[in-house]
Structures are given as C-alpha cells and as structure tokens.
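The file upload.txt contains compact mmCIF, C-alpha atoms:
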```
# COMPACT_ATOMS: atom_id res chain seq x y z
CA MET A 417 -5.09 5.62 -13.38
CA PRO A 418 -2.60 6.68 -10.74
CA PRO A 419 1.08 6.35 -11.66
CA ILE A 420 2.98 3.52 -10.03
CA VAL A 421 6.43 3.88 -8.51
CA LEU A 422 9.11 1.38 -9.48
CA ALA A 423 11.18 0.49 -6.42
CA SER A 424 14.42 -0.01 -8.33
CA ARG A 425 17.55 2.03 -8.97
CA ASN A 426 18.51 -0.05 -12.00
CA ALA A 427 18.00 2.26 -14.99
CA LYS A 428 18.12 -0.50 -17.61
CA LYS A 429 15.59 -2.59 -15.71
CA ALA A 430 13.33 0.47 -15.39
CA ILE A 431 13.38 1.02 -19.16
CA GLU A 432 12.49 -2.62 -19.81
CA MET A 433 9.62 -2.57 -17.31
CA ALA A 434 8.27 0.74 -18.60
CA GLU A 435 8.16 -0.80 -22.09
CA LEU A 436 6.11 -3.71 -20.76
CA LEU A 437 3.59 -1.39 -19.08
CA ALA A 438 3.34 1.23 -21.85
CA PRO A 439 0.75 -0.65 -23.99
CA HIS A 440 -1.59 -0.65 -20.99
CA SER A 441 -1.31 3.13 -20.37
CA VAL A 442 0.27 2.59 -16.96
CA LYS A 443 2.77 5.32 -16.12
CA LEU A 444 5.84 4.07 -14.29
CA VAL A 445 7.75 6.56 -12.13
CA ALA A 446 11.27 5.79 -10.93
CA ALA A 447 11.90 5.74 -7.19
CA THR A 448 15.01 7.81 -7.92
CA ASP A 449 12.67 10.74 -8.66
CA PHE A 450 11.83 10.87 -4.94
CA PRO A 451 14.63 11.94 -2.56
CA GLU A 452 12.73 10.38 0.35
CA ALA A 453 12.56 6.93 -1.29
CA PRO A 454 14.38 4.40 0.91
CA ASP A 455 17.29 2.29 -0.25
CA VAL A 456 15.81 -1.03 0.84
CA VAL A 457 18.18 -3.77 1.95
CA GLU A 458 17.48 -6.99 0.03
CA SER A 459 18.00 -9.36 2.93
CA GLY A 460 15.32 -11.92 2.04
CA GLU A 461 16.12 -15.53 1.27
CA THR A 462 13.82 -15.67 -1.78
CA PHE A 463 12.96 -13.43 -4.72
CA ALA A 464 9.42 -13.14 -3.32
CA GLU A 465 10.64 -11.89 0.06
CA ASN A 466 12.90 -9.25 -1.49
CA ALA A 467 10.25 -8.01 -3.92
CA ALA A 468 7.69 -7.69 -1.13
CA ARG A 469 10.16 -5.91 1.15
CA LYS A 470 11.05 -3.34 -1.53
CA ALA A 471 7.44 -2.74 -2.58
CA SER A 472 6.08 -2.38 0.96
CA GLN A 473 8.82 -0.15 2.38
CA THR A 474 8.87 2.15 -0.65
CA ALA A 475 5.07 2.44 -0.73
CA LEU A 476 4.98 3.34 2.96
CA ALA A 477 7.69 5.98 2.57
CA LEU A 478 6.05 7.62 -0.45
CA SER A 479 2.35 6.86 0.20
CA ARG A 480 2.05 5.70 -3.40
CA TRP A 481 1.26 2.53 -5.29
CA THR A 482 4.57 0.75 -5.77
CA LEU A 483 5.84 -2.04 -7.98
CA ALA A 484 8.98 -3.94 -7.06
CA ASP A 485 10.76 -6.87 -8.57
CA ASP A 486 13.52 -9.18 -7.54
CA SER A 487 15.03 -11.25 -10.24
CA GLY A 488 18.10 -13.29 -10.91
CA LEU A 489 19.75 -16.28 -12.45
CA MET A 490 19.45 -19.81 -11.07
CA VAL A 491 21.95 -22.35 -12.41
CA ASP A 492 21.11 -26.01 -11.88
CA ALA A 493 24.72 -27.21 -11.62
CA LEU A 494 25.32 -24.63 -8.87
CA ASP A 495 22.29 -25.71 -6.81
CA GLY A 496 20.36 -22.61 -7.84
CA ALA A 497 23.15 -20.09 -7.35
CA PRO A 498 23.65 -17.21 -7.79
CA GLY A 499 19.89 -16.82 -7.09
CA VAL A 500 19.04 -13.84 -4.86
CA TYR A 501 22.74 -12.93 -4.88
CA SER A 502 22.84 -12.52 -8.68
CA ALA A 503 23.61 -8.78 -8.56
CA ARG A 504 26.40 -9.24 -6.01
CA TYR A 505 27.66 -12.72 -6.87
CA ALA A 506 31.30 -11.60 -7.00
CA GLY A 507 30.99 -9.47 -3.85
CA PRO A 508 29.03 -6.50 -2.45
CA GLN A 509 30.67 -3.99 -4.81
CA ALA A 510 30.77 -6.29 -7.84
CA ASP A 511 29.67 -5.11 -11.28
CA ASP A 512 28.17 -7.13 -14.14
CA ASP A 513 31.55 -8.06 -15.57
CA ALA A 514 32.88 -9.37 -12.26
CA ASN A 515 29.74 -11.42 -11.72
CA LYS A 516 30.03 -13.00 -15.15
CA VAL A 517 33.70 -13.82 -14.59
CA ARG A 518 32.86 -15.63 -11.38
CA LEU A 519 29.96 -17.51 -12.99
CA LEU A 520 32.16 -18.73 -15.84
CA ALA A 521 34.86 -19.79 -13.38
CA GLU A 522 32.35 -21.76 -11.29
CA LEU A 523 31.10 -23.55 -14.42
CA ALA A 524 34.48 -24.08 -16.08
CA ASP A 525 34.44 -27.86 -15.60
CA VAL A 526 30.70 -28.34 -16.15
CA PRO A 527 29.85 -29.95 -19.52
CA ASP A 528 27.52 -28.11 -21.89
CA GLU A 529 24.58 -30.44 -21.33
CA ARG A 530 24.63 -29.70 -17.58
CA ARG A 531 24.82 -25.90 -17.88
CA THR A 532 21.04 -25.49 -17.73
CA ALA A 533 19.68 -22.43 -15.97
CA ARG A 534 16.68 -20.17 -15.68
CA PHE A 535 16.06 -16.51 -15.14
CA VAL A 536 13.39 -15.85 -12.50
CA CYS A 537 11.46 -12.64 -11.86
CA HIS A 538 9.14 -12.05 -8.92
CA LEU A 539 6.89 -8.98 -8.94
CA ALA A 540 5.11 -7.48 -5.95
CA VAL A 541 2.68 -4.57 -5.85
CA ALA A 542 1.97 -2.62 -2.67
CA ASP A 543 -0.79 -0.08 -2.09
CA PRO A 544 -0.03 3.34 -0.53
CA ALA A 545 -0.46 1.84 2.95
CA GLY A 546 2.33 -0.66 2.25
CA GLU A 547 0.08 -3.73 1.96
CA ILE A 548 1.12 -6.27 -0.67
CA ARG A 549 -1.83 -6.60 -3.04
CA LEU A 550 -0.29 -8.67 -5.85
CA SER A 551 2.57 -11.19 -6.00
CA VAL A 552 3.50 -13.19 -9.12
CA GLU A 553 6.51 -14.97 -10.59
CA GLY A 554 7.74 -15.76 -14.10
CA ALA A 555 10.69 -17.77 -15.42
CA CYS A 556 12.57 -18.43 -18.65
CA ALA A 557 14.72 -21.52 -19.16
CA GLY A 558 18.01 -21.56 -21.02
CA ARG A 559 21.68 -22.56 -20.87
CA ILE A 560 24.89 -20.81 -19.85
CA LEU A 561 27.44 -20.40 -22.64
CA ARG A 562 31.20 -20.47 -22.22
CA GLN A 563 31.67 -17.10 -23.92
CA GLN A 564 29.59 -13.96 -24.14
CA ARG A 565 27.50 -13.23 -27.22
CA GLY A 566 25.65 -10.05 -28.12
CA GLY A 567 25.84 -6.41 -27.11
CA GLY A 568 22.33 -5.81 -25.77
CA GLY A 569 20.70 -6.42 -22.43
CA PHE A 570 22.51 -6.28 -19.11
CA GLY A 571 23.73 -8.51 -16.31
CA TYR A 572 24.12 -12.15 -17.35
CA ASP A 573 22.21 -11.66 -20.64
CA PRO A 574 25.24 -12.24 -22.94
CA LEU A 575 25.81 -15.68 -21.38
CA PHE A 576 22.18 -16.86 -21.28
CA LEU A 577 21.24 -18.82 -24.41
CA VAL A 578 17.55 -19.29 -25.24
CA PRO A 579 17.54 -22.68 -27.04
CA GLU A 580 14.44 -22.13 -29.20
CA TYR A 581 16.00 -19.03 -30.76
CA ASP A 582 19.69 -20.09 -30.55
CA ARG A 583 20.32 -16.55 -29.34
CA THR A 584 21.36 -15.07 -26.03
CA PHE A 585 19.23 -12.49 -24.27
CA ALA A 586 21.85 -9.96 -25.39
CA GLU A 587 21.30 -10.92 -29.05
CA LEU A 588 17.51 -10.86 -29.05
CA SER A 589 15.58 -7.75 -30.05
CA LEU A 590 13.62 -5.99 -27.33
CA ALA A 591 10.41 -7.00 -29.14
CA VAL A 592 11.27 -10.70 -28.86
CA LYS A 593 12.68 -10.43 -25.36
CA SER A 594 9.53 -8.62 -24.22
CA ARG A 595 7.52 -11.72 -25.14
CA LEU A 596 9.60 -14.53 -23.69
CA SER A 597 11.76 -13.17 -20.88
CA HIS A 598 11.18 -14.04 -17.23
CA ARG A 599 10.15 -10.43 -16.65
CA ALA A 600 7.68 -10.50 -19.56
CA ARG A 601 6.13 -13.72 -18.29
CA ALA A 602 5.76 -12.29 -14.80
CA PHE A 603 4.07 -9.19 -16.23
CA ASP A 604 1.69 -11.39 -18.22
CA ARG A 605 0.51 -12.83 -14.91
CA LEU A 606 0.36 -9.44 -13.25
CA ILE A 607 -1.17 -7.00 -15.69
CA THR A 608 -4.89 -7.88 -15.58
CA ASN A 609 -5.10 -7.70 -11.81
CA LEU A 610 -2.85 -4.62 -11.68
CA LEU A 611 -5.13 -2.76 -14.07
CA ARG A 612 -8.14 -3.78 -12.00
CA LEU A 613 -6.53 -2.41 -8.82
CA LEU A 614 -5.45 0.87 -10.41
CA ASP A 615 -8.86 1.36 -12.07
CA ALA A 616 -10.55 0.89 -8.72
CA GLU A 617 -8.21 3.43 -7.17
CA ALA A 618 -8.92 5.95 -9.91
CA SER A 619 -12.67 5.48 -9.47
CA ALA A 620 -12.62 5.79 -5.69
```
Output the structure of this file as structure tokens.
Amino acid sequence: MPPIVLASRNAKKAIEMAELLAPHSVKLVAATDFPEAPDVVESGETFAENAARKASQTALALSRWTLADDSGLMVDALDGAPGVYSARYAGPQADDDANKVRLLAELADVPDERRTARFVCHLAVADPAGEIRLSVEGACAGRILRQQRGGGGFGYDPLFLVPEYDRTFAELSLAVKSRLSHRARAFDRLITNLLRLLDAEASA
C-alpha cells in the first residue's frame, strides 16, 4: 500500500496516530519530511472543515494520499469552547500550559458536576488530486478537573478525567488510551474504508 502523509506538525500527535495505524501495516509519513508541504491555516469554523482543508491542500501540494485531523476539547459549561481554538485558546502564540491556565480560570466558579466535557477528533483523507475521500469523527466524554494529574499525553490531557477509569488521559497507558480516546474512536470508523482505498490504489 502507498504511504500516507500526515498533515500535522505536532510530533506527539504523529506518534499517537502512527501507533494506531501500525497494526494495519499503513506507513505514516510526516508532512515535515517534505519542504514543500504547506503550513495550512486552520480557519474553518468546525473540526470537519479544518481537517478537510489540511488534507486537501497538503495532498495537492505533494500529490500524495494525505490524512489530516482536527481535534480539540469541548466544555459544556463554556458552550463548547475552546473547540476549534483548543490549540490557541490563550492566544495565537500560546503553549499547552497557557491554554490550561486559561481553561482552569474560565471554570473556576463552575461546580464539579457541571464540568463535563468531551474530546473530539475529526479525520479527513484526501487522494493525490486533493479530493476528500473519507471523513469521520470520534469523541470521548469526560470531566475537567481542578488540578492536573499525570505526566503523560499532551495538551489538556492532565485535566481530562475519564470517569470509567477514574484516570486522566495523562495517567492512562498508551494501550488503554489507544482504545478509548477520541482519536482511537475516529480511527475505528476510518480504518476499514482507508485500507480499501489504499489497496485499490496499490492494485491500480
């Protein structure tokens, strides 16, 4: 099967996604390996729009099959924020720590029972001509803690408690997270059709 380019410059996300594809013998290549890969502006209003934009523009630039995701945290008490702005919630140059500080400040007066949230991941696959061939979404429900727990993961993971495990994403092993995370659930919906597309390409 042809390799598929990941339209992301997030190294930790790339590792997680490569782990999810490895059992299916799909080789994931980072967009950072291609100097001509565009730095796509995520100006969409939804995760689906951003994922499609990244997949299509990168595929066109590289003439390769491309996988893109847009994912983030949606907090019910904040009317779905930070949503598509999750990576830049505290400003355009914000890092993970600054984003978490702002989130905790916004929720300071919200009682525990109303701190429900969900991580959402939308995946889009574009063919070498830039046409979107697959588009799926997965989600994982949880609750936002008042203090960070765990040293793993990235982004908001140390604040996101998964109730059925009583652990944050940052405390869960990669094996467990790869079964229940929003990204894992999106890949579950993607993989069969992705393999079918790549097999057809290899046989053409």
Using only C-alpha atoms, which residue out of A:Val592, A:Ala423, A:Glu435, A:Val442 lies closest to Asp455 (chain A)?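 Using only C-alpha atoms, the shortest distance to Asp455 (chain A) belongs to A:Ala423.
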Surrounding residues of region 549-556 of chain A excluding itself and chain neighbours under 5 positions, 8 Å, only C-alpha atoms, as a PyMOL selection string: chain A and resi 464+468+534-543+596-603+605-606+609-610
So that I can see what lies close to Thr474 (chain A), please list as a list in words the residues with an atom at most 7 Å from it, counting all atoms listed in the file and leaving out residues fewer than 5 positions away in the same chain. Ala423, Ala453, Pro454 and Thr482 of chain A
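Distance check against Leu437 (chain A) using only C-alpha atoms: of A:Ile607, A:Pro527, A:Ala616, A:Lys470, the minimum falls on A:Ile607.
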In terms of all atoms listed in the file, the residue from A:Val526, A:Val578, A:Ile420, A:Ala477 at minimal distance from Ala545 (chain A) is A:Ala477
Nearest residue to Leu478 (chain A) from the set A:Asp512, A:Glu580, A:Asp449, A:Glu465 (distances using all atoms listed in the file):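 Ranked by minimum distance to Leu478 (chain A), first place goes to A:Asp449.
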CA of Leu523 (chain A) to CA of Asp486 (chain A), distance in Å rounded to a single decimal: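 Separation between CA of Leu523 (chain A) and CA of Asp486 (chain A): 23.7 Å.
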I'd like the neighbourhood of Lys443 (chain A) as number ranges by chain, where a residue qualifies if any of its atoms comes within 12 Å (using only C-alpha atoms), though same-chain residues fewer than 4 positions away should be ignored. A: 417-422, 430-431, 433-439, 481-483, 611, 614
Could you tell me how far CA of Leu577 (chain A) sits from CA of Val500 (chain A), in Å to one decimal place? 20.3 Å
Give the answer as one residue: which of A:Val456, A:Ala533, A:Ala510, A:Leu519 has the shortest atom-to-atom distance to Gly496 (chain A), using all atoms listed in the file?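 The shortest atom-to-atom distance to Gly496 (chain A) comes from A:Ala533.
Between CA of Leu590 (chain A) and CA of Tyr505 (chain A) the separation is 25.7 Å.
Using all atoms listed in the file, the shortest contact distance between Ala475 (chain A) and any of A:Glu547, A:Asp615, A:Glu522, A:Asp513 is found at A:Glu547.
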Which polymer residues, whether protein, DNA or RNA, lie within 10 Å of the coordinate (29.7, -17.6, -21.2) when you count all atoms listed in the file? List them as a ChimeraX atom specification, using the chain letters and numbers from the file. /A:516-517,519-521,523-524,559-565,572-577,584
Output of the above residues as a PDB file, keeping the file's coordinate frame, restricted to C-alpha atoms:
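Written output follows (part-v8.pdb):
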```pdb
ATOM      1  CA  LYS A 516      30.030 -13.000 -15.150  1.00  0.00           C
ATOM      2  CA  VAL A 517      33.700 -13.820 -14.590  1.00  0.00           C
ATOM      3  CA  LEU A 519      29.960 -17.510 -12.990  1.00  0.00           C
ATOM      4  CA  LEU A 520      32.160 -18.730 -15.840  1.00  0.00           C
ATOM      5  CA  ALA A 521      34.860 -19.790 -13.380  1.00  0.00           C
ATOM      6  CA  LEU A 523      31.100 -23.550 -14.420  1.00  0.00           C
ATOM      7  CA  ALA A 524      34.480 -24.080 -16.080  1.00  0.00           C
ATOM      8  CA  ARG A 559      21.680 -22.560 -20.870  1.00  0.00           C
ATOM      9  CA  ILE A 560      24.890 -20.810 -19.850  1.00  0.00           C
ATOM     10  CA  LEU A 561      27.440 -20.400 -22.640  1.00  0.00           C
ATOM     11  CA  ARG A 562      31.200 -20.470 -22.220  1.00  0.00           C
ATOM     12  CA  GLN A 563      31.670 -17.100 -23.920  1.00  0.00           C
ATOM     13  CA  GLN A 564      29.590 -13.960 -24.140  1.00  0.00           C
ATOM     14  CA  ARG A 565      27.500 -13.230 -27.220  1.00  0.00           C
ATOM     15  CA  TYR A 572      24.120 -12.150 -17.350  1.00  0.00           C
ATOM     16  CA  ASP A 573      22.210 -11.660 -20.640  1.00  0.00           C
ATOM     17  CA  PRO A 574      25.240 -12.240 -22.940  1.00  0.00           C
ATOM     18  CA  LEU A 575      25.810 -15.680 -21.380  1.00  0.00           C
ATOM     19  CA  PHE A 576      22.180 -16.860 -21.280  1.00  0.00           C
ATOM     20  CA  LEU A 577      21.240 -18.820 -24.410  1.00  0.00           C
ATOM     21  CA  THR A 584      21.360 -15.070 -26.030  1.00  0.00           C
TER      22      THR A 584
END
```
